[in-house]
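**Q** Below: one structure in structure tokens.
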Amino acid sequence: MNIKSNKTIFLFLILLGSLFNITAQPIKPMPAGELLLNLKKLNVLGTAMYIAAHPDDENTVMLSWLAKERKVRTAYLSITRGDGGQNLIGSELGDLLGLIRTQELLAARAIDGPEQYFTRANDFGFSKNTEETLQIWGKDAVLADVVWRIRNLRPDVIICRFPPDARAGHGNHSASAALAEEAFKISGDPTKFPEQLKYVKPWQAKRVVWNTFNFGAVSQKPAEGTFIQVEIGGYNPLLGKAYSEIAAESRSQHKSQGFGVPRTRGLRPEYFVHKFGELAQKDVFDGVDLSWSRVKGGKEVESWINLAINSFNPENPSTIVPSLLEAYKTLDKIGDEYWKTQKKKEIENLIIACTGLYFEANPNEYSASSGEKINILATAVKRSDFGVNLQKIKLIGLGKDSTFNVSLANNELQRINFSVEIPKNQPLTQPFWLAEKKMGKGMYRVDDQTLIGLPEKPADLQAEFTFVIDNQSFTFSTPVIYKYTDETRGELYRTFEIRPEVTANISDKVYVFANEQAKEVEVTLKSGKSKTSGSVSLDLPTGWKANPASIDFYLANKYQELKLVFKVTPSSTTPEGTVKAIVKTANGTYDRGILTVAYDHIPPQTLFPVAEAKVVKLDIKTKGKNIGYIVGAGDDVPMALRQIGYNVTILTEKELNEDLSKFDAIVVGVRAYNTEERITYYQKKLMDYVEKGGNMVVQYQVNSNLQKLEMGIGPYPFKLSRDRVTVEEAEVRFLKPESILLNSPNKITSKDFDGWIQERGLYFSNEWDGKYDAILSSNDPNEAPANGGLLYAKYGKGNYIFTGYAFFRQLPAGVSGAYRLFANLISAGK
């Protein structure tokens with residue numbers, strides 16, 4: 001297989017769902033048991049697509065069973081990237097959380113075996129019904145994405161995790177099933193989304209089924225409908241694990257959601273409820289020919305594969321390479337392009353594994369800017385006695401190649417150095433779905449049809465290695481990828497990044513001005529190459545001013561940083577807007593910042609957001625000054641409180657052991673009672689602080705993993721529920737308009753609830769002691785009022801407040817009214 005151009009490589013990898021690595025990872029070793037498993041998989045011609053709404057919705061036991069027991073090509077289509085959830089490992093929310101969860105899904109799939117795909121839909125938060133979800137996403141757009149992926153993958157069976165109704169427990173969940181069922185019905189119709197037919201053909205799956213699901217429980221036998229039962233808890237001796245054990249390792253990759261689970265063993269019955277298509281009697285693949293009889297000429301291919309399987313020697317896998325090469329050549333005779341391409345790719349991966357080939361191309365730095373010169377070391381080694389010649393290495397996108405004819409001796413490493421210059425117009429390296437502004441609230445903008453649904457964009461810069469194996473020429477592509485060593489984790493890889501010549505980061509996301517006084521806005525410049533000079537200025541809303549107007553800079557070294565400070569004065573007529581950093585050099589104008597999301601369990605992820613921040617001039621008053629804050633999960637509230645002049649002290653165990661009376665208020669972050677085990681040891685001290693005159697504000701918590709406290713988390717009993725108000729525009733009514741929380745030091749009106757994002761609140765109380773006052777009421781359309789979102793009680797000389805309203809989202813987003821109300825909560829009793 002010779003690939004002649006970068007564009008050809010790109011389309012090939014995208015449209016055919018290549019099994020070969022295109023992301024920032026090395027070639028994955030294939031132990032003998034896995035080799036034999038993949039050899040047997042060559043004789044299975046079937047595809048299953050599993051569809052749900054979010055990362056962590058998938059049934060990883062089922063996915064493992066499909067991929068490794070049934071040996072069919074398996075894919076998980078997650079409608080969203082999980083952008084709307086909470087983050088238990090850091091402060092990233094929204095788009096950045098979706099970025100983390102994308103990588104967690106890829107890590108999960110590397111363990112359980114299927115391929116991973118998405119649509120462009122944005123996880124906008126909890127939704128209570130299918131109709132709301134589809135209206136926000138834009139039904140036609142997300143339906144087109146599901147049809148697109150079905151036509152690409154050509155599944156024989158589509159499996160839904162959820163039913164298309166209220167039993168799914170979440171509007172996103174039920175919508176995923178509704179979309180799957182409708183896409184099943186229309187993906188074979190060429191009049192539906194005909195623009196896709198430039199790349200794919202219509203496809204009709206055999207059936208769509210529902211893999212029954214109960215929250216917090218194993219799959220239950222359906223009470224109604226036509227269904228079949230399958231046993232998926234089996235043990236795979238080639239892998240030395242049960243599918244439930246593999247699934248536990250896979251699911252435990254969802255670390256940002258706290259979904260680590262134990263390995264389980266033993267029988268695991270699951271059920272498929274028939275939805276549409278041909279009814280299955282005994283097996284979900286009933287009526288689907290999974291053998292080589294499926295394609296004309298397939299029997300000859302099968303004979304070579306059987307020869308390879310029967311002669312496989314785990315201590316010398318290279319002995320089966322001739323049979324694999326014959327199977328590869330014979331594939332050219334079959335007419336089914338889909339299975340020809342798919343099985344060729346599977347065989348190529350087996351040839352690489354059986355000959356012991358390993359090859360990669362590593363730059364000497366992890367990033368570069370356009371026009372910069374870098375060195376790339378290409379290496380290749382063959383760990384077997386089978387004859388392989390290295391014929392050519394070509395750097396796609398960099399205009400370099402080297403032609404030679406080197407016979408690779410067993411375990412002798414070949415090293416080839418290239419010196420290259422990054423093209424002037426080379427695109428920045430960042431997540432493709434975040435490169436442009438969203439298409440409204442519900443969908444990411446992706447203009448390139450071929451990228452839609454992919455977890456990541458294939459690397460723009462790749463290396464082609466051409467080998468001759470027994471007189472057959474193979475050209476394999478691998479990304480240009482940076483390799484480095486961490487002192488504690490060993491050898492690691494990360495994406496090679498193309499960066500701007502210089503980036504500008506504004507230090508805060510939001511600047512809140514509580515008066516007319518100027519504030520310092522700090523801009524950090526970072527050079528993408530050495531000897532960079534120019535000027536930086538701030539683009540401000542009408543009437544806002546910056547001093548100085550611009551600042552000249554010079555950065556001598558690559559990666560050097562320089563902090564610059566502007567004093568910004570708010571406008572009396574324009575209450576809010578956006579401030580943007582503009583950098584000018586001799587080579588152009590730049591307005592991008594740089595942000596790297598780095599955790600040990602995923603590769604570093606870098607993106608270049610617009611270098612901007614929100615500026616807000618508030619009509620706000622505050623009382624008290626010193627705040628003690630117990631940080632919760634994904635918590636940016638302390639930074640927001642500092643914006644309006646509070647002195648915020650983060651309360652760790654050390655501070656909690658000290659005198660708390662110095663604090664005007666103590667604030668407990670979201671889910672702190674779920675994530676901070678030792679908070680229970682200080683609960684009595686916190687209640688004593690309130691009783692003696694302190695003010696305590698507790699933000700939303702959840703019942704799961706809630707620390708067990710005899711009296712609960714407040715001075716008087718109250719219960720937490722799953723009640724929430726998901727419509728951020730929902731009316732908020734004042735139950736106690738005379739309450740101090742609504743009147744001092746700021747007079748709260750209905751306007752203070754304008755402009756809220758994602759939701760009003762979540763996990764409200766539904767039962768509380770009569771000593772609490774319920775202050776606010778709100779509800780989603782056609783639902784009963786939820787009155788437990790803001791509870792207030794006097795306790796001794798002090799004040800205790802519980803709130804499920806989503807301040808943790810509103811304050812970092814600069815929502816004016818949320819600041820005014822939260823200032824009142826902190827000020828209670830002052």
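Here, A, B, ... name the chains of the structure tokens in the order displayed, residue numbers run from 1 inside each chain, and ligands are numbered from 1 in the same displayed order.
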Skip A:Gly233 itself and residues of its chain fewer than 5 positions away, then list as a list in words all residues within 7 Å of it, counting only C-alpha atoms.
**A** Ala242, Tyr243, Ser244, Gly266, Leu267 and Arg268 of chain A
**Q** Write out as a tab-separated table a residue-level contact list of stretch 60-101 of chain A versus stretch 45-55 of chain A with cut-off 6 Å: for each qualifying residue the closest pair of atoms and the distance in Å to one decimal, counting only C-alpha atoms, rows sorted by chain and residue number upward.
**A**
```
residue	atom	partner	partner_atom	distance
A:Val72	CA	A:Gly46	CA	5.0
A:Arg73	CA	A:Thr47	CA	4.5
A:Thr74	CA	A:Ala48	CA	4.9
A:Ala75	CA	A:Met49	CA	4.9
A:Tyr76	CA	A:Tyr50	CA	4.8
A:Leu77	CA	A:Ile51	CA	4.9
A:Ser78	CA	A:Ala53	CA	5.2
A:Ile79	CA	A:Ala53	CA	4.7
A:Thr80	CA	A:His54	CA	5.3
A:Gly82	CA	A:His54	CA	5.2
```
**Q** Kindly export the residues of the current selection with C-alpha atoms, as an mmCIF file, in the first residue's frame.
**A**
```
data_model
loop_
_atom_site.group_PDB
_atom_site.id
_atom_site.type_symbol
_atom_site.label_atom_id
_atom_site.label_comp_id
_atom_site.auth_asym_id
_atom_site.auth_seq_id
_atom_site.Cartn_x
_atom_site.Cartn_y
_atom_site.Cartn_z
ATOM 1 C CA VAL A 72 -16.481 -7.900 15.722
ATOM 2 C CA ARG A 73 -15.362 -4.429 14.828
ATOM 3 C CA THR A 74 -16.839 -2.375 17.670
ATOM 4 C CA ALA A 75 -17.331 1.356 18.105
ATOM 5 C CA TYR A 76 -18.663 3.531 20.887
ATOM 6 C CA LEU A 77 -20.429 6.671 19.669
ATOM 7 C CA SER A 78 -20.742 9.143 22.545
ATOM 8 C CA ILE A 79 -23.077 11.899 21.403
ATOM 9 C CA THR A 80 -21.179 14.448 23.540
ATOM 10 C CA GLY A 82 -19.122 15.244 28.560
#
```
**Q** Give me the residues near A:Thr622 as a ChimeraX atom specification, where near means some atom within 9 Å (using only C-alpha atoms) and where sequence neighbours in that chain fewer than 2 positions away do not count.
**A** /A:620,624-625,644-646,744-746,820,823-824,826-827
**Q** Limited to C-alpha atoms, could you put the picked residues into a file as a short mmCIF file (atom, residue, chain, number, x, y, z; two decimals), in the first residue's frame?
**A**
```cif
data_model
loop_
_atom_site.label_atom_id
_atom_site.label_comp_id
_atom_site.auth_asym_id
_atom_site.auth_seq_id
_atom_site.Cartn_x
_atom_site.Cartn_y
_atom_site.Cartn_z
CA ILE A 620 -22.29 45.84 44.34
CA GLY A 624 -16.99 41.74 55.93
CA LYS A 625 -13.59 41.18 54.42
CA ILE A 644 -14.74 41.80 44.44
CA GLY A 645 -12.27 42.59 47.20
CA TYR A 646 -12.49 39.73 49.66
CA SER A 744 -28.51 43.56 52.50
CA PRO A 745 -26.13 44.89 51.49
CA ASN A 746 -27.59 44.57 47.94
CA ARG A 820 -24.59 40.48 44.19
CA ALA A 823 -22.15 38.87 48.48
CA ASN A 824 -25.39 38.98 50.46
CA ILE A 826 -21.43 36.10 52.78
CA SER A 827 -22.58 39.32 54.47
#
```
**Q** In Å, with one decimal, what is the gap from atom CA of A:Ser64 to atom CA of A:Gly453?
**A**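 Distance reported for this atom pair: 21.3 Å.
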**Q** Give me the residues near A:Tyr700 as an mmCIF file with all heavy atoms, in the first residue's frame, where near means some atom within 8 Å (using only C-alpha atoms) and where sequence neighbours in that chain fewer than 5 positions away do not count.
**A**
```
data_model
loop_
_atom_site.group_PDB
_atom_site.id
_atom_site.type_symbol
_atom_site.label_atom_id
_atom_site.label_comp_id
_atom_site.auth_asym_id
_atom_site.auth_seq_id
_atom_site.Cartn_x
_atom_site.Cartn_y
_atom_site.Cartn_z
ATOM 1 N N GLY A 669 -17.051 24.729 49.506
ATOM 2 C CA GLY A 669 -17.164 24.570 48.067
ATOM 3 C C GLY A 669 -18.040 23.402 47.659
ATOM 4 O O GLY A 669 -18.407 22.545 48.481
ATOM 5 N N VAL A 670 -18.377 23.348 46.377
ATOM 6 C CA VAL A 670 -19.257 22.308 45.861
ATOM 7 C C VAL A 670 -18.647 20.926 46.089
ATOM 8 O O VAL A 670 -17.467 20.705 45.852
ATOM 9 C CB VAL A 670 -19.559 22.529 44.365
ATOM 10 C CG1 VAL A 670 -20.314 23.828 44.150
ATOM 11 C CG2 VAL A 670 -18.298 22.522 43.521
ATOM 12 N N ARG A 671 -19.453 20.047 46.608
ATOM 13 C CA ARG A 671 -19.116 18.633 46.825
ATOM 14 C C ARG A 671 -17.944 18.422 47.777
ATOM 15 O O ARG A 671 -17.352 17.345 47.801
ATOM 16 C CB ARG A 671 -18.851 17.939 45.473
ATOM 17 C CG ARG A 671 -20.062 17.965 44.571
ATOM 18 C CD ARG A 671 -19.835 17.284 43.240
ATOM 19 N NE ARG A 671 -19.786 15.836 43.387
ATOM 20 C CZ ARG A 671 -19.779 14.994 42.351
ATOM 21 N NH1 ARG A 671 -19.853 15.476 41.120
ATOM 22 N NH2 ARG A 671 -19.722 13.703 42.549
ATOM 23 N N LEU A 762 -28.829 22.829 41.351
ATOM 24 C CA LEU A 762 -28.906 21.368 41.340
ATOM 25 C C LEU A 762 -28.806 20.823 42.754
ATOM 26 O O LEU A 762 -28.248 21.454 43.649
ATOM 27 C CB LEU A 762 -27.817 20.775 40.465
ATOM 28 C CG LEU A 762 -26.347 21.019 40.793
ATOM 29 C CD1 LEU A 762 -25.476 20.129 39.899
ATOM 30 C CD2 LEU A 762 -25.888 22.454 40.629
ATOM 31 N N TYR A 763 -29.373 19.632 42.927
ATOM 32 C CA TYR A 763 -29.348 18.906 44.205
ATOM 33 C C TYR A 763 -29.886 19.781 45.341
ATOM 34 O O TYR A 763 -29.261 19.940 46.385
ATOM 35 C CB TYR A 763 -27.945 18.378 44.500
ATOM 36 C CG TYR A 763 -27.449 17.437 43.436
ATOM 37 C CD1 TYR A 763 -26.397 17.793 42.593
ATOM 38 C CD2 TYR A 763 -28.066 16.207 43.231
ATOM 39 C CE1 TYR A 763 -25.970 16.943 41.586
ATOM 40 C CE2 TYR A 763 -27.644 15.352 42.232
ATOM 41 C CZ TYR A 763 -26.596 15.725 41.408
ATOM 42 O OH TYR A 763 -26.183 14.886 40.425
ATOM 43 N N PHE A 764 -31.065 20.366 45.084
ATOM 44 C CA PHE A 764 -31.746 21.148 46.106
ATOM 45 C C PHE A 764 -32.173 20.226 47.257
ATOM 46 O O PHE A 764 -32.279 19.011 47.103
ATOM 47 C CB PHE A 764 -33.003 21.803 45.529
ATOM 48 C CG PHE A 764 -32.737 22.943 44.578
ATOM 49 C CD1 PHE A 764 -31.447 23.309 44.199
ATOM 50 C CD2 PHE A 764 -33.802 23.652 44.041
ATOM 51 C CE1 PHE A 764 -31.231 24.362 43.325
ATOM 52 C CE2 PHE A 764 -33.595 24.704 43.171
ATOM 53 C CZ PHE A 764 -32.308 25.071 42.801
ATOM 54 N N PHE A 802 -27.508 27.144 53.266
ATOM 55 C CA PHE A 802 -27.241 26.105 52.263
ATOM 56 C C PHE A 802 -27.817 26.578 50.934
ATOM 57 O O PHE A 802 -28.957 27.060 50.864
ATOM 58 C CB PHE A 802 -27.897 24.775 52.632
ATOM 59 C CG PHE A 802 -27.927 23.800 51.480
ATOM 60 C CD1 PHE A 802 -26.786 23.099 51.115
ATOM 61 C CD2 PHE A 802 -29.077 23.630 50.722
ATOM 62 C CE1 PHE A 802 -26.801 22.244 50.029
ATOM 63 C CE2 PHE A 802 -29.097 22.764 49.631
ATOM 64 C CZ PHE A 802 -27.950 22.066 49.285
ATOM 65 N N THR A 803 -27.046 26.443 49.878
ATOM 66 C CA THR A 803 -27.542 26.827 48.549
ATOM 67 C C THR A 803 -27.177 25.791 47.499
ATOM 68 O O THR A 803 -26.027 25.352 47.412
ATOM 69 C CB THR A 803 -27.013 28.208 48.119
ATOM 70 O OG1 THR A 803 -27.513 28.499 46.815
ATOM 71 C CG2 THR A 803 -25.488 28.258 48.115
ATOM 72 N N GLY A 804 -28.192 25.386 46.734
ATOM 73 C CA GLY A 804 -27.954 24.529 45.577
ATOM 74 C C GLY A 804 -27.868 25.328 44.291
ATOM 75 O O GLY A 804 -27.632 24.754 43.225
ATOM 76 N N TYR A 805 -28.077 26.646 44.381
ATOM 77 C CA TYR A 805 -27.962 27.472 43.175
ATOM 78 C C TYR A 805 -26.518 27.453 42.682
ATOM 79 O O TYR A 805 -25.574 27.438 43.481
ATOM 80 C CB TYR A 805 -28.465 28.889 43.445
ATOM 81 C CG TYR A 805 -29.980 28.954 43.458
ATOM 82 C CD1 TYR A 805 -30.696 28.712 44.630
ATOM 83 C CD2 TYR A 805 -30.693 29.181 42.296
ATOM 84 C CE1 TYR A 805 -32.087 28.720 44.640
ATOM 85 C CE2 TYR A 805 -32.091 29.187 42.285
ATOM 86 C CZ TYR A 805 -32.774 28.948 43.463
ATOM 87 O OH TYR A 805 -34.140 28.939 43.454
ATOM 88 N N ALA A 806 -26.353 27.439 41.366
ATOM 89 C CA ALA A 806 -25.063 27.090 40.752
ATOM 90 C C ALA A 806 -24.106 28.276 40.697
ATOM 91 O O ALA A 806 -23.663 28.705 39.627
ATOM 92 C CB ALA A 806 -25.298 26.522 39.355
#
```
**Q** Can you tell me how far atom CA of A:Tyr366 sits from atom CA of A:Asn505, in Å to one decimal?
**A**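 One can read the atom CA of A:Tyr366 to atom CA of A:Asn505 distance as 19.9 Å.
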**Q** Which neighbours of A:Asn471 fall inside 12 Å, counting only C-alpha atoms, when residues of the same chain fewer than 4 positions from it are skipped, and could you give them as an mmCIF file with C-alpha atoms, in the first residue's frame?
**A**
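Wrote it out as result-v5.cif, contents follow:
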```cif
data_model
loop_
_atom_site.group_PDB
_atom_site.id
_atom_site.type_symbol
_atom_site.label_atom_id
_atom_site.label_comp_id
_atom_site.auth_asym_id
_atom_site.auth_seq_id
_atom_site.Cartn_x
_atom_site.Cartn_y
_atom_site.Cartn_z
ATOM 1 C CA PRO A 322 4.223 -15.506 4.672
ATOM 2 C CA LEU A 325 1.289 -11.719 3.136
ATOM 3 C CA GLU A 326 -0.636 -14.152 0.942
ATOM 4 C CA LYS A 329 -2.462 -10.106 -1.630
ATOM 5 C CA GLY A 387 13.645 -10.432 6.102
ATOM 6 C CA VAL A 388 12.596 -6.764 6.013
ATOM 7 C CA ASN A 389 14.172 -3.917 4.058
ATOM 8 C CA LEU A 390 13.764 -0.266 4.964
ATOM 9 C CA GLN A 391 13.380 1.482 1.626
ATOM 10 C CA PHE A 467 9.347 -1.328 4.018
#
```
